[in-house]
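S.K.: Next up is a structure, given as structure tokens.
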Amino acid sequence: MKTSSQKVSMREKIGYSLGDGSANLVFQMMMMFQLYFYTDVFGIKATAAGMILLFARFFDAFVDPLVGILSDRTNTKWGKYRPWLLWTAIPFAVFFILAFTTPDLGERGKIIYAGITYTLLMTIYSFNNTPYSSLGGVMTSDIKERTSISSVRFVTATIATFIVQGLTLPLVTKFGGSPSSSQGWLWTISLFAIVGLVLMIITFFSAKERISPPANQKTSIKQDFKDILSSRPWLSMFALTLFLFTTLAMWGSSMSYYFNYVVDKESLFVFLGNIGLVGNPENLGFWGSILDAFGLIVYDADKVFAVGFSLFNMTGSVIQLLGVILLSGFLSGIFGKKKVFIICLALTALFTGLFFVVSPSNIGAIFTLNILKSLAYAPTVPLLWAMMGDVADHSEWVNHRRATGFVFAGIVFALKAGLGVGGAICGSIIDSFGFVANTVQTPDAIYGIKLTSSIIPSITFIIGVIALTFYPITKKKNEYIQAELAERRKQLIIDN
């Protein structure tokens, strides 16, 4: 049993957080742009693209538990979970690039290629992100420190979100000439992949494991399954994560179509001009040239969608970042994680649903709704993973066994299942309403896009709220569990 201090330095917290920055360069790309890439760049139908996203989930049902089992049973001088970050860093970058490469193949060949590369990317995501998330659960048992680690982690994650959601389309357009340029996508993804590789290696050298399983614990895969499937906190968090990421993937995927095909381009052009993002390439000035270097200046009609959607995403990311920094730890410290999550997620559902009624030409209202939605959702961002650390502690408290990797593996599976289900729902619905890529959409197709960007994700957010009501770990109970576990660990040290 390790006895090192449960306090974690800010340097280590930041180093650990960079790993989530790396993972979010991939995750946000898949959540926001994978479906759009497959339909408008790669050149396959939305339903086929959605089925690719869904097919990989069946493979994950075997991969994710395996990763949890292997990481819990890994023993190296670096610990159980840290070495996986190093071992998977390069394959993660390579598969990321391959998944956004467009080969010169027919439609069937493209579907097969997309299915293989997406499945490989999701597999290596599990081998990287399950140990990474588990590492956050064993860096400390201190409740406030754990929330602090999660908050710092998600500050970095939100910065990565800002970069991916805000700069992807402008960079693609800059490198390739249009948002649908396959060459532009290849260069942009390659850049993100290299940055992600460097960040993941820094995390490996920065973070440390401080919590070990009880010294007398026997390994049992059967018992691992039994423990989590009988854990009410774990089941609640599994359902929450599944519906939460189904919603985020559906909404994220649909909003690229919403901005490209629903939002009135002329109104968007006027809006961008009023805030100084429309200019003449020969007379941009100093700040205009800086913005243009990142592809954020509109000087022809082709860039209205790319810049407008990027500004929409960046605005939401900045508000979310401020909410994570200023509100998450403050509110959860007063009211507890569960209450904050329920209230904020319910408000998020409300503001998401309102996108259905806002006028496509009222750009100010669209941006205002996004600000309100992002502010409501922000306090929940660090809480999910902090609560999963609490679930691992609860399991140890009840069963006198600790299987952090296995606990987190199930949640990573739910996350990825939500990613696939959300993308599949979006693709299937817009296809059923008659969506055809790179054309003017029919009223029915526009109606389908609006449904997947408002009413339907609002409903699935509410299902997540319902799942949270069954989560039994209150602030008071969590404090009691931590105190008792601390006493057990002290006794084990004395006995040994």
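Residues are named by chain letter and number: chains run A, B, ... in the order of the structure tokens, numbers start at 1 in each chain, and ligands are numbered from 1 in the order shown.
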Could you list, as a count of residues only, every residue within 10 Å of Ile194 of chain A, counting only C-alpha atoms and ignoring same-chain residues fewer than 6 positions away?

M.R.: 5

S.K.: So which residues touch segment 295-302 of chain A within 10 Å, counting only C-alpha atoms, skipping near sequence neighbours fewer than 4 positions away, as a PyMOL selection string?

M.R.: chain A and resi 166-175+177-179+265-266+269+272-273+276-281+284+288-291+306-308+310-311

S.K.: Might you pull out every residue within 12 Å of Gln34 of chain A, with only C-alpha atoms counted and same-chain residues fewer than 3 positions away left off, and present them as a VMD selection string?

M.R.: chain A and resid 26 to 31 37 to 42 44 46 49 to 50 52 to 53 96 99 to 101 114 118 168 185 189 249 to 250 252 to 254 256 to 257 419 to 420 422 to 424 426 to 427

S.K.: Which one is closest to Ile325 of chain A: A:Ala193, A:Ile116, A:Val138, A:Ile159? Count only C-alpha atoms.

M.R.: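 Smallest distance to Ile325 of chain A is found for A:Ile159.
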
S.K.: Let me make sure I understand: among A:Ile459, A:His400, A:Val263, A:Val318, which one has the smallest atom-to-atom distance to Leu350 of chain A if we use only C-alpha atoms?

M.R.: A:Ile459

S.K.: When you count only C-alpha atoms, which of these residues is closest to Arg210 of chain A: A:Pro379, A:Pro103, A:Gly137, A:Gly115?

M.R.: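 The closest residue to Arg210 of chain A is A:Gly137.
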
S.K.: Give the helix (DSSP H, G or I) residues of segment 187-423 of chain A, as DSSP finds them on the backbone, and put them as JSON, numbers by chain.

M.R.: {"A": [187, 188, 189, 190, 191, 192, 193, 194, 195, 196, 197, 198, 199, 200, 201, 202, 203, 204, 205, 206, 221, 222, 223, 224, 225, 226, 227, 228, 229, 232, 233, 234, 235, 236, 237, 238, 239, 240, 241, 242, 243, 244, 245, 246, 247, 248, 249, 250, 251, 252, 253, 254, 255, 256, 257, 258, 259, 260, 261, 262, 265, 266, 267, 268, 269, 270, 271, 272, 273, 274, 285, 286, 287, 288, 289, 290, 291, 292, 293, 301, 302, 303, 304, 305, 306, 307, 308, 309, 310, 311, 312, 313, 314, 315, 316, 317, 318, 319, 320, 321, 322, 323, 324, 325, 326, 327, 328, 329, 330, 331, 332, 333, 334, 335, 337, 338, 339, 340, 341, 342, 343, 344, 345, 346, 347, 348, 349, 350, 351, 352, 353, 354, 355, 356, 363, 364, 365, 366, 367, 368, 369, 370, 371, 372, 373, 374, 375, 376, 377, 378, 379, 380, 383, 384, 385, 386, 387, 388, 389, 390, 391, 392, 393, 394, 395, 396, 397, 398, 399, 404, 405, 406, 407, 408, 409, 410, 411, 412, 413, 414, 415, 416, 417, 418, 419, 420, 421, 422, 423]}

S.K.: What is the atom CA of Ser361 of chain A-atom CA of Phe259 of chain A distance in Å, reported with one decimal?

M.R.: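 Atom-to-atom, atom CA of Ser361 of chain A and atom CA of Phe259 of chain A are spaced 11.0 Å apart.
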
S.K.: Nearest to Phe408 of chain A: which of A:Val391, A:Leu186, A:Ala467, A:Val164 is it, counting only C-alpha atoms?

M.R.: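 Checking each of A:Val391, A:Leu186, A:Ala467, A:Val164 against Phe408 of chain A, counting only C-alpha atoms, the winner is A:Val391.
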
S.K.: Any idea what's packed within 7 Å of Leu25 of chain A, counting only C-alpha atoms, ignoring anything in its chain fewer than 5 positions away? Could you give it as an NGL selection string?

M.R.: :A and (160 or 164 or 192 or 196)

S.K.: Let's have the selection written as a PDB file, in the first residue's frame, with N, CA, C and O atoms.

M.R.:
ATOM      1  N   ALA A 160      -8.984  22.193 -25.953  1.00  0.00           N
ATOM      2  CA  ALA A 160      -8.906  21.319 -27.126  1.00  0.00           C
ATOM      3  C   ALA A 160     -10.207  21.362 -27.911  1.00  0.00           C
ATOM      4  O   ALA A 160     -10.204  21.364 -29.154  1.00  0.00           O
ATOM      5  N   VAL A 164     -10.591  22.351 -31.844  1.00  0.00           N
ATOM      6  CA  VAL A 164     -11.183  21.459 -32.846  1.00  0.00           C
ATOM      7  C   VAL A 164     -12.452  22.058 -33.441  1.00  0.00           C
ATOM      8  O   VAL A 164     -12.605  22.135 -34.669  1.00  0.00           O
ATOM      9  N   PHE A 192      -3.233  17.974 -35.926  1.00  0.00           N
ATOM     10  CA  PHE A 192      -3.810  17.655 -34.622  1.00  0.00           C
ATOM     11  C   PHE A 192      -3.204  16.376 -34.041  1.00  0.00           C
ATOM     12  O   PHE A 192      -2.990  16.268 -32.829  1.00  0.00           O
ATOM     13  N   GLY A 196      -1.351  15.980 -30.459  1.00  0.00           N
ATOM     14  CA  GLY A 196      -1.881  15.022 -29.491  1.00  0.00           C
ATOM     15  C   GLY A 196      -0.840  14.036 -29.002  1.00  0.00           C
ATOM     16  O   GLY A 196      -0.815  13.671 -27.821  1.00  0.00           O
TER      17      GLY A 196
END

S.K.: Within 10 Å of Lys80 of chain A, counting only C-alpha atoms, which residues show up once you throw out same-chain ones fewer than 6 positions away? Write them as a list in words, please.

M.R.: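 Selected residues are Leu70, Ser71, Asp72, Arg73, Thr74, Pro131, Ser134, Leu135, Val138, Glu209, Ser212 and Gly405 of chain A.
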
S.K.: What would the file look like if the residues just selected were written as a PDB file, in the first residue's frame with N, CA and C atoms?

M.R.:
ATOM      1  N   LEU A  70      -7.132  -5.889 -18.327  1.00  0.00           N
ATOM      2  CA  LEU A  70      -5.677  -5.851 -18.527  1.00  0.00           C
ATOM      3  C   LEU A  70      -5.023  -4.733 -17.728  1.00  0.00           C
ATOM      4  N   SER A  71      -5.622  -3.532 -17.726  1.00  0.00           N
ATOM      5  CA  SER A  71      -4.986  -2.413 -17.029  1.00  0.00           C
ATOM      6  C   SER A  71      -4.995  -2.615 -15.519  1.00  0.00           C
ATOM      7  N   ASP A  72      -6.073  -3.206 -14.987  1.00  0.00           N
ATOM      8  CA  ASP A  72      -6.116  -3.480 -13.547  1.00  0.00           C
ATOM      9  C   ASP A  72      -5.057  -4.497 -13.133  1.00  0.00           C
ATOM     10  N   ARG A  73      -4.648  -5.336 -14.073  1.00  0.00           N
ATOM     11  CA  ARG A  73      -3.690  -6.401 -13.765  1.00  0.00           C
ATOM     12  C   ARG A  73      -2.288  -6.100 -14.277  1.00  0.00           C
ATOM     13  N   THR A  74      -2.082  -4.887 -14.753  1.00  0.00           N
ATOM     14  CA  THR A  74      -0.764  -4.451 -15.187  1.00  0.00           C
ATOM     15  C   THR A  74       0.057  -4.027 -13.972  1.00  0.00           C
ATOM     16  N   PRO A 131      -7.294   3.529 -19.390  1.00  0.00           N
ATOM     17  CA  PRO A 131      -6.229   3.705 -18.396  1.00  0.00           C
ATOM     18  C   PRO A 131      -6.025   5.169 -18.006  1.00  0.00           C
ATOM     19  N   SER A 134      -8.767   6.027 -15.620  1.00  0.00           N
ATOM     20  CA  SER A 134      -8.527   5.300 -14.369  1.00  0.00           C
ATOM     21  C   SER A 134      -7.411   5.945 -13.570  1.00  0.00           C
ATOM     22  N   LEU A 135      -6.406   6.448 -14.262  1.00  0.00           N
ATOM     23  CA  LEU A 135      -5.286   7.125 -13.593  1.00  0.00           C
ATOM     24  C   LEU A 135      -5.786   8.288 -12.746  1.00  0.00           C
ATOM     25  N   VAL A 138      -6.882   7.241  -9.282  1.00  0.00           N
ATOM     26  CA  VAL A 138      -5.917   6.712  -8.301  1.00  0.00           C
ATOM     27  C   VAL A 138      -4.798   7.703  -7.991  1.00  0.00           C
ATOM     28  N   GLU A 209       0.580   7.565  -9.644  1.00  0.00           N
ATOM     29  CA  GLU A 209      -0.476   6.782  -8.998  1.00  0.00           C
ATOM     30  C   GLU A 209      -0.202   6.707  -7.492  1.00  0.00           C
ATOM     31  N   SER A 212      -3.475   2.172  -4.312  1.00  0.00           N
ATOM     32  CA  SER A 212      -3.322   0.795  -4.760  1.00  0.00           C
ATOM     33  C   SER A 212      -4.502  -0.026  -4.259  1.00  0.00           C
ATOM     34  N   GLY A 405      -9.795   0.323 -13.083  1.00  0.00           N
ATOM     35  CA  GLY A 405      -9.793   0.229 -14.541  1.00  0.00           C
ATOM     36  C   GLY A 405     -11.058  -0.397 -15.077  1.00  0.00           C
TER      37      GLY A 405
END

S.K.: Can you work out the spacing between atom CA of Ala483 of chain A and atom CA of Ala207 of chain A in Å, to one decimal?

M.R.: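 These atoms are spaced 24.3 Å apart.
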
S.K.: Show which residues sit within 8 Å of Tyr471 of chain A, as a list in words. Count only C-alpha atoms, and ignore same-chain residues fewer than 6 positions away.

M.R.: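 Residues meeting the cut-off are Arg232, Pro233, Ser236, Met237 and Lys338 of chain A.
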
S.K.: Report the distance between atom CA of Ala61 of chain A and atom CA of Asp224 of chain A in Å, rounded to one decimal place.

M.R.: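 Going from atom CA of Ala61 of chain A over to atom CA of Asp224 of chain A covers 15.6 Å.
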
S.K.: Quick one: residues within 12 Å of Thr119 of chain A, only C-alpha atoms, excluding same-chain residues fewer than 6 positions away - as a ChimeraX atom specification?

M.R.: /A:51-60,63,95-96,98-99,112-113,125-126,416,420

S.K.: Smallest atom-to-atom distance to Val67 of chain A: which of A:Phe127, A:Phe33, A:Trp187, A:Phe225, using only C-alpha atoms?

M.R.: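 Among the listed residues, the smallest separation from Val67 of chain A belongs to A:Phe127.
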
S.K.: Kindly indicate which residue among A:Leu191, A:Ile149, A:Ile449, A:Met387 lies nearest to Met10 of chain A, using only C-alpha atoms for the distances.

M.R.: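 The closest residue to Met10 of chain A is A:Ile149.
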